[in-house]
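Structure data follow from target05.pdb (PDB, C-alpha atoms):
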```
ATOM      1  CA  MET A 144     -67.607  -5.637  38.792
ATOM      2  CA  ALA A 145     -68.894  -9.218  38.894
ATOM      3  CA  ILE A 146     -70.440 -10.575  35.719
ATOM      4  CA  ASN A 147     -73.432 -12.872  35.474
ATOM      5  CA  LEU A 148     -72.884 -15.984  33.419
ATOM      6  CA  LEU A 149     -75.156 -18.333  31.480
ATOM      7  CA  ILE A 150     -73.754 -21.744  30.462
ATOM      8  CA  VAL A 151     -75.773 -23.580  27.796
ATOM      9  CA  ASP A 152     -74.782 -27.191  27.100
ATOM     10  CA  ASP A 153     -76.812 -30.394  27.003
ATOM     11  CA  SER A 154     -74.131 -32.139  29.065
ATOM     12  CA  ALA A 155     -74.494 -31.407  32.790
ATOM     13  CA  VAL A 156     -70.940 -32.670  33.275
ATOM     14  CA  MET A 157     -69.611 -30.195  30.715
ATOM     15  CA  ARG A 158     -71.557 -27.344  32.354
ATOM     16  CA  ALA A 159     -70.093 -28.324  35.727
ATOM     17  CA  MET A 160     -66.567 -28.515  34.245
ATOM     18  CA  ILE A 161     -66.807 -25.047  32.729
ATOM     19  CA  LEU A 162     -68.301 -23.592  35.888
ATOM     20  CA  LYS A 163     -65.597 -25.151  38.050
ATOM     21  CA  ILE A 164     -62.846 -23.769  35.801
ATOM     22  CA  ILE A 165     -64.308 -20.286  35.946
ATOM     23  CA  ARG A 166     -64.887 -20.409  39.692
ATOM     24  CA  MET A 167     -61.281 -21.563  40.261
ATOM     25  CA  SER A 168     -59.929 -18.659  38.218
ATOM     26  CA  ASP A 169     -59.515 -15.194  39.648
ATOM     27  CA  LEU A 170     -62.433 -13.883  37.600
ATOM     28  CA  SER A 171     -65.121 -11.909  39.322
ATOM     29  CA  ILE A 172     -68.281 -13.917  38.742
ATOM     30  CA  GLY A 173     -71.691 -12.995  40.073
ATOM     31  CA  GLU A 174     -74.747 -15.128  39.373
ATOM     32  CA  THR A 175     -74.381 -18.250  37.284
ATOM     33  CA  HIS A 176     -77.220 -19.876  35.392
ATOM     34  CA  GLU A 177     -77.378 -23.089  33.378
ATOM     35  CA  ALA A 178     -79.501 -24.332  30.492
ATOM     36  CA  ALA A 179     -79.550 -27.651  28.638
ATOM     37  CA  ASN A 180     -80.429 -26.297  25.171
ATOM     38  CA  GLY A 181     -80.911 -23.085  23.230
ATOM     39  CA  ARG A 182     -84.606 -22.806  24.076
ATOM     40  CA  GLU A 183     -83.884 -23.008  27.800
ATOM     41  CA  GLY A 184     -81.024 -20.578  27.253
ATOM     42  CA  LEU A 185     -83.333 -17.976  25.696
ATOM     43  CA  ASP A 186     -85.763 -18.455  28.596
ATOM     44  CA  ALA A 187     -82.908 -17.843  31.042
ATOM     45  CA  LEU A 188     -81.999 -14.645  29.154
ATOM     46  CA  ASP A 189     -85.603 -13.511  29.537
ATOM     47  CA  GLN A 190     -85.560 -14.104  33.264
ATOM     48  CA  HIS A 191     -82.101 -12.975  34.370
ATOM     49  CA  TRP A 192     -79.563 -10.264  33.706
ATOM     50  CA  ILE A 193     -76.778 -12.057  31.851
ATOM     51  CA  ASP A 194     -73.432 -10.496  30.900
ATOM     52  CA  LEU A 195     -71.874 -13.456  29.079
ATOM     53  CA  VAL A 196     -73.182 -16.629  27.437
ATOM     54  CA  ILE A 197     -71.036 -19.765  27.094
ATOM     55  CA  LEU A 198     -72.729 -21.928  24.526
ATOM     56  CA  ASP A 199     -72.500 -25.384  22.954
ATOM     57  CA  ILE A 200     -73.568 -25.853  19.325
ATOM     58  CA  ASN A 201     -74.824 -29.409  19.000
ATOM     59  CA  MET A 202     -77.820 -29.653  21.362
ATOM     60  CA  PRO A 203     -81.313 -31.134  21.141
ATOM     61  CA  VAL A 204     -84.453 -28.924  20.935
ATOM     62  CA  MET A 205     -82.519 -25.820  19.858
ATOM     63  CA  GLY A 206     -78.844 -25.749  18.921
ATOM     64  CA  GLY A 207     -76.359 -23.010  19.654
ATOM     65  CA  GLU A 208     -76.365 -21.372  16.216
ATOM     66  CA  GLU A 209     -80.126 -20.926  16.336
ATOM     67  CA  MET A 210     -79.886 -19.474  19.836
ATOM     68  CA  ILE A 211     -77.299 -16.941  18.616
ATOM     69  CA  ASP A 212     -79.628 -15.990  15.739
ATOM     70  CA  HIS A 213     -82.474 -15.391  18.200
ATOM     71  CA  MET A 214     -80.190 -13.336  20.431
ATOM     72  CA  LEU A 215     -79.036 -11.199  17.485
ATOM     73  CA  GLY A 216     -82.644 -10.579  16.502
ATOM     74  CA  ASN A 217     -83.554  -9.247  19.921
ATOM     75  CA  PRO A 218     -82.394  -5.702  20.811
ATOM     76  CA  GLU A 219     -82.159  -6.712  24.469
ATOM     77  CA  THR A 220     -79.777  -9.612  23.875
ATOM     78  CA  LYS A 221     -77.950  -8.788  20.638
ATOM     79  CA  ASP A 222     -74.960  -7.221  22.388
ATOM     80  CA  ILE A 223     -74.411  -9.939  24.999
ATOM     81  CA  PRO A 224     -71.004 -11.555  24.319
ATOM     82  CA  VAL A 225     -71.113 -15.238  23.370
ATOM     83  CA  VAL A 226     -68.329 -17.803  23.667
ATOM     84  CA  VAL A 227     -69.073 -20.978  21.733
ATOM     85  CA  VAL A 228     -67.479 -24.093  23.239
ATOM     86  CA  SER A 229     -67.945 -26.971  20.829
ATOM     87  CA  THR A 230     -66.423 -30.028  19.190
ATOM     88  CA  GLU A 231     -67.214 -28.449  15.816
ATOM     89  CA  GLY A 232     -64.323 -29.024  13.451
ATOM     90  CA  SER A 233     -65.671 -27.634  10.194
ATOM     91  CA  GLU A 234     -63.902 -24.404   9.309
ATOM     92  CA  THR A 235     -66.949 -23.444   7.277
ATOM     93  CA  ARG A 236     -69.255 -23.642  10.283
ATOM     94  CA  ILE A 237     -66.731 -22.074  12.677
ATOM     95  CA  GLU A 238     -66.372 -19.122  10.295
ATOM     96  CA  ARG A 239     -70.158 -18.789  10.160
ATOM     97  CA  ILE A 240     -70.288 -18.701  13.973
ATOM     98  CA  THR A 241     -67.482 -16.188  14.398
ATOM     99  CA  LYS A 242     -69.041 -13.928  11.741
ATOM    100  CA  LYS A 243     -72.011 -13.689  14.071
ATOM    101  CA  GLY A 244     -69.678 -12.144  16.639
ATOM    102  CA  ALA A 245     -69.115 -15.172  18.862
ATOM    103  CA  GLU A 246     -65.721 -16.344  20.039
ATOM    104  CA  PHE A 247     -64.980 -19.996  19.382
ATOM    105  CA  ILE A 248     -63.284 -22.494  21.703
ATOM    106  CA  HIS A 249     -62.725 -26.041  20.604
ATOM    107  CA  LYS A 250     -63.463 -29.051  22.853
ATOM    108  CA  PRO A 251     -61.435 -30.505  24.467
ATOM    109  CA  PHE A 252     -59.972 -27.371  26.027
ATOM    110  CA  THR A 253     -57.544 -26.502  28.766
ATOM    111  CA  PRO A 254     -58.777 -24.526  31.795
ATOM    112  CA  GLU A 255     -56.598 -21.600  30.733
ATOM    113  CA  ILE A 256     -58.328 -21.311  27.353
ATOM    114  CA  ILE A 257     -61.731 -20.944  29.001
ATOM    115  CA  SER A 258     -60.648 -18.544  31.736
ATOM    116  CA  ASP A 259     -58.590 -16.431  29.288
ATOM    117  CA  ALA A 260     -61.541 -16.114  26.907
ATOM    118  CA  VAL A 261     -63.818 -14.982  29.719
ATOM    119  CA  ARG A 262     -61.164 -12.609  31.034
ATOM    120  CA  ASN A 263     -60.720 -11.051  27.569
ATOM    121  CA  ILE A 264     -64.425 -10.428  27.302
ATOM    122  CA  ILE A 265     -64.579  -8.877  30.764
ATOM    123  CA  GLU A 266     -61.650  -6.617  29.891
ATOM    124  CA  LYS A 267     -63.184  -5.650  26.538
ATOM    125  CA  GLY A 268     -66.386  -4.758  28.373
ATOM    126  CA  ALA A 269     -64.453  -2.638  30.859
ATOM    127  CA  ASP A 270     -62.589  -0.876  28.012
ATOM    128  CA  HIS A 271     -65.869  -0.244  26.232
ATOM    129  CA  ALA A 272     -67.483   1.137  29.408
ATOM    130  CA  GLY A 273     -64.443   3.341  30.007
ATOM    131  CA  SER A 274     -64.521   4.794  26.499
ATOM    132  CA  THR A 275     -68.222   5.763  26.541
TER     133      THR A 275
ATOM    134  CA  MET B 844     -57.470 -47.308   4.820
ATOM    135  CA  PRO B 845     -58.439 -49.198   8.018
ATOM    136  CA  ASP B 846     -54.940 -48.737   9.455
ATOM    137  CA  ARG B 847     -55.080 -45.037   8.758
ATOM    138  CA  LEU B 848     -58.555 -44.786  10.273
ATOM    139  CA  ASN B 849     -57.394 -46.742  13.320
ATOM    140  CA  GLN B 850     -54.498 -44.327  13.721
ATOM    141  CA  ILE B 851     -56.800 -41.322  13.497
ATOM    142  CA  LEU B 852     -59.376 -42.744  15.875
ATOM    143  CA  SER B 853     -56.836 -43.866  18.470
ATOM    144  CA  ARG B 854     -54.915 -40.580  18.338
ATOM    145  CA  VAL B 855     -58.057 -38.474  18.703
ATOM    146  CA  ALA B 856     -59.325 -40.680  21.532
ATOM    147  CA  GLU B 857     -55.982 -40.526  23.354
ATOM    148  CA  GLU B 858     -55.956 -36.739  23.095
ATOM    149  CA  THR B 859     -59.575 -36.448  24.175
ATOM    150  CA  LEU B 860     -59.164 -38.696  27.215
ATOM    151  CA  GLY B 861     -56.003 -36.838  28.153
ATOM    152  CA  GLU B 862     -57.372 -33.318  27.829
ATOM    153  CA  LEU B 863     -60.948 -33.942  28.923
ATOM    154  CA  ALA B 864     -60.376 -36.374  31.780
ATOM    155  CA  PHE B 865     -56.607 -36.317  32.431
ATOM    156  CA  ILE B 866     -56.470 -40.035  31.612
ATOM    157  CA  PHE B 867     -53.335 -41.407  29.995
ATOM    158  CA  SER B 868     -54.131 -44.031  27.360
ATOM    159  CA  PHE B 869     -52.416 -45.805  24.516
ATOM    160  CA  PHE B 870     -53.436 -47.845  21.484
ATOM    161  CA  ASP B 871     -52.865 -51.602  21.719
ATOM    162  CA  GLU B 872     -53.500 -53.809  18.702
ATOM    163  CA  GLU B 873     -53.166 -57.017  20.705
ATOM    164  CA  THR B 874     -55.852 -56.358  23.327
ATOM    165  CA  GLU B 875     -59.009 -58.441  23.417
ATOM    166  CA  PRO B 876     -62.265 -56.461  23.272
ATOM    167  CA  VAL B 877     -63.927 -55.354  26.518
ATOM    168  CA  PRO B 878     -66.150 -58.198  27.859
ATOM    169  CA  LEU B 879     -69.655 -56.946  27.208
ATOM    170  CA  ASP B 880     -71.257 -58.541  30.278
ATOM    171  CA  ASP B 881     -69.683 -55.911  32.534
ATOM    172  CA  ALA B 882     -69.548 -52.933  30.230
ATOM    173  CA  VAL B 883     -71.417 -49.791  29.242
ATOM    174  CA  ALA B 884     -71.405 -48.053  25.905
ATOM    175  CA  ALA B 885     -72.392 -44.787  24.296
ATOM    176  CA  SER B 886     -72.991 -44.108  20.631
ATOM    177  CA  ILE B 887     -73.366 -41.054  18.437
ATOM    178  CA  SER B 888     -74.613 -40.886  14.873
ATOM    179  CA  PHE B 889     -73.509 -38.421  12.223
ATOM    180  CA  THR B 890     -74.408 -37.381   8.701
ATOM    181  CA  GLY B 891     -72.340 -35.457   6.177
ATOM    182  CA  PRO B 892     -69.955 -36.392   3.353
ATOM    183  CA  PHE B 893     -70.426 -39.872   4.791
ATOM    184  CA  SER B 894     -72.820 -41.068   7.458
ATOM    185  CA  GLY B 895     -72.594 -43.579  10.253
ATOM    186  CA  PHE B 896     -72.075 -43.865  13.960
ATOM    187  CA  LEU B 897     -69.315 -44.194  16.527
ATOM    188  CA  VAL B 898     -69.542 -46.415  19.617
ATOM    189  CA  ILE B 899     -67.405 -46.367  22.753
ATOM    190  CA  VAL B 900     -67.413 -49.370  25.097
ATOM    191  CA  VAL B 901     -65.800 -49.298  28.541
ATOM    192  CA  PRO B 902     -65.862 -51.643  31.533
ATOM    193  CA  ASN B 903     -68.177 -50.376  34.277
ATOM    194  CA  ARG B 904     -65.221 -49.808  36.603
ATOM    195  CA  VAL B 905     -63.753 -47.158  34.288
ATOM    196  CA  LEU B 906     -66.723 -44.820  34.453
ATOM    197  CA  PRO B 907     -66.420 -43.418  38.017
ATOM    198  CA  GLY B 908     -62.790 -42.378  37.530
ATOM    199  CA  LEU B 909     -63.472 -40.878  34.116
ATOM    200  CA  THR B 910     -66.327 -38.820  35.532
ATOM    201  CA  GLU B 911     -64.577 -37.751  38.719
ATOM    202  CA  ASN B 912     -61.566 -36.600  36.709
ATOM    203  CA  MET B 913     -63.747 -34.623  34.311
ATOM    204  CA  LEU B 914     -65.594 -32.971  37.193
ATOM    205  CA  GLY B 915     -62.464 -32.465  39.289
ATOM    206  CA  LEU B 916     -64.124 -34.110  42.292
ATOM    207  CA  ASP B 917     -62.264 -34.569  45.572
ATOM    208  CA  ASP B 918     -61.409 -38.061  46.825
ATOM    209  CA  GLU B 919     -64.416 -38.173  49.132
ATOM    210  CA  GLU B 920     -66.859 -37.018  46.448
ATOM    211  CA  LYS B 921     -68.494 -39.650  44.264
ATOM    212  CA  ALA B 922     -70.000 -39.197  40.813
ATOM    213  CA  THR B 923     -73.650 -40.164  40.458
ATOM    214  CA  LEU B 924     -74.701 -42.697  37.842
ATOM    215  CA  ASP B 925     -76.335 -39.913  35.802
ATOM    216  CA  GLN B 926     -73.050 -37.991  35.860
ATOM    217  CA  GLN B 927     -71.145 -41.109  34.819
ATOM    218  CA  TYR B 928     -73.432 -41.702  31.847
ATOM    219  CA  ASP B 929     -73.289 -38.026  30.924
ATOM    220  CA  ALA B 930     -69.483 -38.110  31.069
ATOM    221  CA  LEU B 931     -69.304 -41.081  28.696
ATOM    222  CA  LYS B 932     -71.752 -39.425  26.278
ATOM    223  CA  GLU B 933     -69.708 -36.222  26.309
ATOM    224  CA  THR B 934     -66.532 -38.230  25.731
ATOM    225  CA  ILE B 935     -67.916 -39.932  22.605
ATOM    226  CA  ASN B 936     -69.294 -36.575  21.449
ATOM    227  CA  VAL B 937     -65.859 -34.959  21.668
ATOM    228  CA  ILE B 938     -64.057 -37.926  20.071
ATOM    229  CA  CYS B 939     -66.510 -37.997  17.164
ATOM    230  CA  GLY B 940     -66.468 -34.235  16.673
ATOM    231  CA  ASN B 941     -62.684 -34.244  16.530
ATOM    232  CA  ALA B 942     -62.233 -37.373  14.426
ATOM    233  CA  LEU B 943     -64.568 -36.497  11.542
ATOM    234  CA  PRO B 944     -62.666 -33.396  10.332
ATOM    235  CA  VAL B 945     -59.406 -35.344  10.472
ATOM    236  CA  ILE B 946     -60.956 -38.067   8.323
ATOM    237  CA  SER B 947     -62.786 -35.815   5.880
ATOM    238  CA  GLY B 948     -61.002 -32.485   5.949
ATOM    239  CA  LYS B 949     -61.741 -29.260   7.761
ATOM    240  CA  GLN B 950     -64.112 -27.925   5.125
ATOM    241  CA  ALA B 951     -66.460 -30.904   5.463
ATOM    242  CA  LEU B 952     -69.743 -30.236   7.250
ATOM    243  CA  PHE B 953     -71.116 -32.954   9.524
ATOM    244  CA  ASP B 954     -74.242 -32.942  11.649
ATOM    245  CA  MET B 955     -73.898 -35.050  14.744
ATOM    246  CA  GLY B 956     -76.816 -36.540  16.621
ATOM    247  CA  THR B 957     -77.347 -36.603  20.364
ATOM    248  CA  PRO B 958     -75.151 -39.189  22.128
ATOM    249  CA  LYS B 959     -77.042 -42.175  23.525
ATOM    250  CA  MET B 960     -76.186 -44.547  26.372
ATOM    251  CA  ILE B 961     -76.319 -48.294  25.858
ATOM    252  CA  THR B 962     -76.283 -50.122  29.173
ATOM    253  CA  ALA B 963     -77.616 -53.616  28.537
ATOM    254  CA  SER B 964     -74.970 -56.080  27.345
ATOM    255  CA  ALA B 965     -77.327 -57.450  24.677
ATOM    256  CA  ALA B 966     -77.868 -53.949  23.319
ATOM    257  CA  ILE B 967     -74.120 -53.280  23.279
ATOM    258  CA  GLN B 968     -73.645 -56.547  21.427
ATOM    259  CA  GLU B 969     -76.299 -55.438  18.936
ATOM    260  CA  ALA B 970     -74.549 -52.079  18.486
ATOM    261  CA  VAL B 971     -71.050 -53.384  17.849
ATOM    262  CA  ARG B 972     -71.381 -56.937  16.512
ATOM    263  CA  LYS B 973     -74.669 -57.143  14.659
ATOM    264  CA  GLU B 974     -74.447 -59.989  12.168
ATOM    265  CA  ASP B 975     -76.443 -58.430   9.311
ATOM    266  CA  ARG B 976     -74.371 -55.251   9.222
ATOM    267  CA  PRO B 977     -70.949 -54.673   7.685
ATOM    268  CA  GLU B 978     -67.972 -54.731  10.002
ATOM    269  CA  PRO B 979     -66.823 -51.421  11.497
ATOM    270  CA  VAL B 980     -64.429 -49.522   9.227
ATOM    271  CA  SER B 981     -62.312 -48.894  12.271
ATOM    272  CA  SER B 982     -62.113 -50.551  15.676
ATOM    273  CA  VAL B 983     -59.464 -49.712  18.246
ATOM    274  CA  SER B 984     -58.719 -50.571  21.851
ATOM    275  CA  LEU B 985     -56.995 -48.133  24.148
ATOM    276  CA  ILE B 986     -55.357 -49.240  27.364
ATOM    277  CA  LEU B 987     -56.185 -46.993  30.331
ATOM    278  CA  GLU B 988     -54.759 -46.974  33.846
ATOM    279  CA  ASN B 989     -57.651 -48.989  35.247
ATOM    280  CA  GLY B 990     -59.059 -50.752  32.217
ATOM    281  CA  GLN B 991     -59.527 -50.100  28.558
ATOM    282  CA  CYS B 992     -61.915 -48.537  26.101
ATOM    283  CA  ASP B 993     -62.946 -49.838  22.698
ATOM    284  CA  LEU B 994     -64.104 -47.660  19.822
ATOM    285  CA  PHE B 995     -66.016 -48.830  16.753
ATOM    286  CA  LEU B 996     -66.644 -46.636  13.720
ATOM    287  CA  PHE B 997     -69.436 -47.754  11.395
ATOM    288  CA  VAL B 998     -70.215 -45.997   8.123
ATOM    289  CA  ASP B 999     -72.973 -46.381   5.559
ATOM    290  CA  GLY B1000     -71.331 -47.260   2.274
ATOM    291  CA  GLU B1001     -67.794 -46.034   1.781
ATOM    292  CA  ILE B1002     -65.851 -43.024   2.938
ATOM    293  CA  PRO B1003     -65.309 -40.760  -0.083
ATOM    294  CA  THR B1004     -61.697 -40.666  -1.170
ATOM    295  CA  GLY B1005     -59.900 -37.384  -1.508
ATOM    296  CA  ALA B1006     -60.643 -36.343   2.051
ATOM    297  CA  ASP B1007     -57.751 -34.581   3.779
ATOM    298  CA  GLY B1008     -57.112 -37.178   6.408
ATOM    299  CA  VAL B1009     -57.730 -40.497   4.741
ATOM    300  CA  GLY B1010     -57.740 -40.690   1.009
ATOM    301  CA  PRO B1011     -56.999 -41.167  -1.673
ATOM    302  CA  ASP B1012     -55.023 -44.247  -0.812
TER     303      ASP B1012
END
```

This structure in structure tokens:
Amino acid sequence: MAINLLIVDDSAVMRAMILKIIRMSDLSIGETHEAANGREGLDALDQHWIDLVILDINMPVMGGEEMIDHMLGNPETKDIPVVVVSTEGSETRIERITKKGAEFIHKPFTPEIISDAVRNIIEKGADHAGST
Amino acid sequence: MPDRLNQILSRVAEETLGELAFIFSFFDEETEPVPLDDAVAASISFTGPFSGFLVIVVPNRVLPGLTENMLGLDDEEKATLDQQYDALKETINVICGNALPVISGKQALFDMGTPKMITASAAIQEAVRKEDRPEPVSSVSLILENGQCDLFLFVDGEIPTGADGVGPD
């Protein structure tokens, strides 16, 4: 089953890079949506069915951590998997992010790291669906 | 400490350019700075255990290749100017985000600002060689296939010693 993807990053080039990597992989991707900050990301979640969010942390208007907090506070979005893709190097902050349930990928990344993370989440979702 | 900072900054920049844009680069102490009359720059500020900003300066001719590599564009596709500026801002963002924990240790918390483009040569001059401001604590030049890039790290005050990467000397 194809999954719908939301990529939230204030860099259009970074969004395009991530999208290209995912499209070039063998992953089954349905709709893709983009947002330039957390606020726009939450709006996109309101408007579209999203199965996976790929999210930067350091963004203007609303950063990634705040967006995750909003998602966790909303019953409709709290279970959507989040992969954080960031330059963040502080172990303290990375631990805080992963405790919120997000996976963390460090920039710069290789294409395999991104596609493997998405694949793992798709497979986890399939396992979960199969066990319920 | 400047030598150690130069090593950190050049190594992080080499890795970033290699992984982000597939550009091979190497540190060269002998290189003259990029002429500012045909250059663009991007800067990013940060606050944390120490505060300051990092500036990258590249000749204009470097930007299209950097961007097209990052985007994986085909030979016949050209990057727009907006994409080129965005690519340089993302590059300085990644270099800064990776350099600070090496300098200050992985437990240190930094908040980075939004990267900004500097396109006018006078403004670049102001950013990197302002007379009434202390010299950068680190400045490095990397040689690229089709040019070079210069990096300047400015800090307010001094970098606290005892950080994992740098001190105490």

Exercise. Give me the result of the PyMOL selection byres ((chain B) within 6 of (chain A)) on this file, residue by residue, as a ChimeraX atom specification.
Key: /B:862-863,914,937,940,944,949-952

Quiz item: For the file shown, what are the residues hit by the PyMOL selection byres ((chain A and resi 219-221) around 12), laid out as a list in words?
Solution: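 Applied to this file, the PyMOL selection byres ((chain A and resi 219-221) around 12) returns Gly184, Leu185, Asp186, Ala187, Leu188, Asp189, Gln190, His191, Trp192, Ile193, Asp194, Leu195, Val196, Met210, Ile211, Asp212, His213, Met214, Leu215, Gly216, Asn217, Pro218, Asp222, Ile223, Pro224, Val225, Lys243, Gly244 and Ala245 of chain A.
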
Show me, as AutoDock Vina command-line options, the centre and edge lengths in Å to one decimal of the axis-aligned box that covers every listed atom of region 937-950 of chain B with 6 Å on each side.
```
--center_x -63.0 --center_y -33.0 --center_z 13.4 --size_x 19.1 --size_y 22.1 --size_z 28.5
```

Quiz item: How many Å separate CA of Val898 (chain B) from CA of Ala884 (chain B)?
Solution: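 Result for CA of Val898 (chain B) versus CA of Ala884 (chain B): 6.8 Å, one decimal.
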
Quiz prompt | Atomic separation - CA of Glu246 (chain A) relative to CA of Asp259 (chain A), Å | solution = 11.7 Å

Self-check item: Polymer residues at most 8 Å from Phe893 (chain B), all atoms listed in the file, same-chain spacing of 4 or more positions, as a ChimeraX atom specification
Solution: /B:998-1003

Self-check item: Point-to-point distance from CA of Ser982 (chain B) to CA of Ile935 (chain B), Å rounded to tenths
Solution: 13.9 Å

Exercise. Report the residues retrieved by the PyMOL selection byres ((chain A and resi 144) around 8) from the displayed file, expressed as a list of chain:residue names.
Key: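 After applying the PyMOL selection byres ((chain A and resi 144) around 8), what remains is A:Ala145, A:Ile146, A:Ser171.
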
Quiz item: For Glu174 (chain A), which residue among A:Asn147, A:Asp199, A:Asp152, A:Met205 is the nearest when counting all atoms listed in the file?
Solution: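 Among the listed residues, A:Asn147 lies closest to Glu174 (chain A).
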
Quiz item: In terms of the shortest atom-to-atom distance over only C-alpha atoms, which of B:Val971, B:Val900, B:Pro892, B:Ala885 is closest to Asp929 (chain B)?
Solution: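 Using only C-alpha atoms, the shortest distance to Asp929 (chain B) belongs to B:Ala885.
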
Quiz item: Which of these residues is nearest to Leu916 (chain B), using all atoms listed in the file: B:Glu974, B:Ile887, B:Ala864, B:Phe870?
Solution: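 Nearest to Leu916 (chain B): B:Ala864.
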
For region 925-937 of chain B, which lacks atoms in the input, supply N, CA and C atoms and format the output as a tab-separated table (two decimals), in the coordinates of the input.
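Full text of rebuild_36.tsv as output:
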```tsv
chain	number	residue	atom	x	y	z
B	925	ASP	N	-75.97	-40.84	36.89
B	925	ASP	CA	-76.33	-39.91	35.80
B	925	ASP	C	-75.10	-39.15	35.31
B	926	GLN	N	-74.28	-38.72	36.25
B	926	GLN	CA	-73.05	-37.99	35.86
B	926	GLN	C	-72.11	-38.91	35.08
B	927	GLN	N	-72.04	-40.16	35.51
B	927	GLN	CA	-71.14	-41.11	34.82
B	927	GLN	C	-71.60	-41.34	33.37
B	928	TYR	N	-72.91	-41.50	33.20
B	928	TYR	CA	-73.43	-41.70	31.85
B	928	TYR	C	-73.23	-40.43	31.01
B	929	ASP	N	-73.46	-39.30	31.63
B	929	ASP	CA	-73.29	-38.03	30.92
B	929	ASP	C	-71.83	-37.84	30.50
B	930	ALA	N	-70.92	-38.25	31.38
B	930	ALA	CA	-69.48	-38.11	31.07
B	930	ALA	C	-69.11	-38.99	29.87
B	931	LEU	N	-69.64	-40.20	29.82
B	931	LEU	CA	-69.30	-41.08	28.70
B	931	LEU	C	-69.90	-40.54	27.39
B	932	LYS	N	-71.13	-40.00	27.48
B	932	LYS	CA	-71.75	-39.42	26.28
B	932	LYS	C	-70.95	-38.22	25.79
B	933	GLU	N	-70.49	-37.39	26.72
B	933	GLU	CA	-69.71	-36.22	26.31
B	933	GLU	C	-68.37	-36.66	25.71
B	934	THR	N	-67.81	-37.73	26.26
B	934	THR	CA	-66.53	-38.23	25.73
B	934	THR	C	-66.69	-38.69	24.28
B	935	ILE	N	-67.74	-39.46	23.98
B	935	ILE	CA	-67.92	-39.93	22.60
B	935	ILE	C	-68.26	-38.76	21.68
B	936	ASN	N	-68.97	-37.78	22.22
B	936	ASN	CA	-69.29	-36.58	21.45
B	936	ASN	C	-68.01	-35.85	21.03
B	937	VAL	N	-67.10	-35.69	21.96
B	937	VAL	CA	-65.86	-34.96	21.67
B	937	VAL	C	-64.96	-35.78	20.73
```
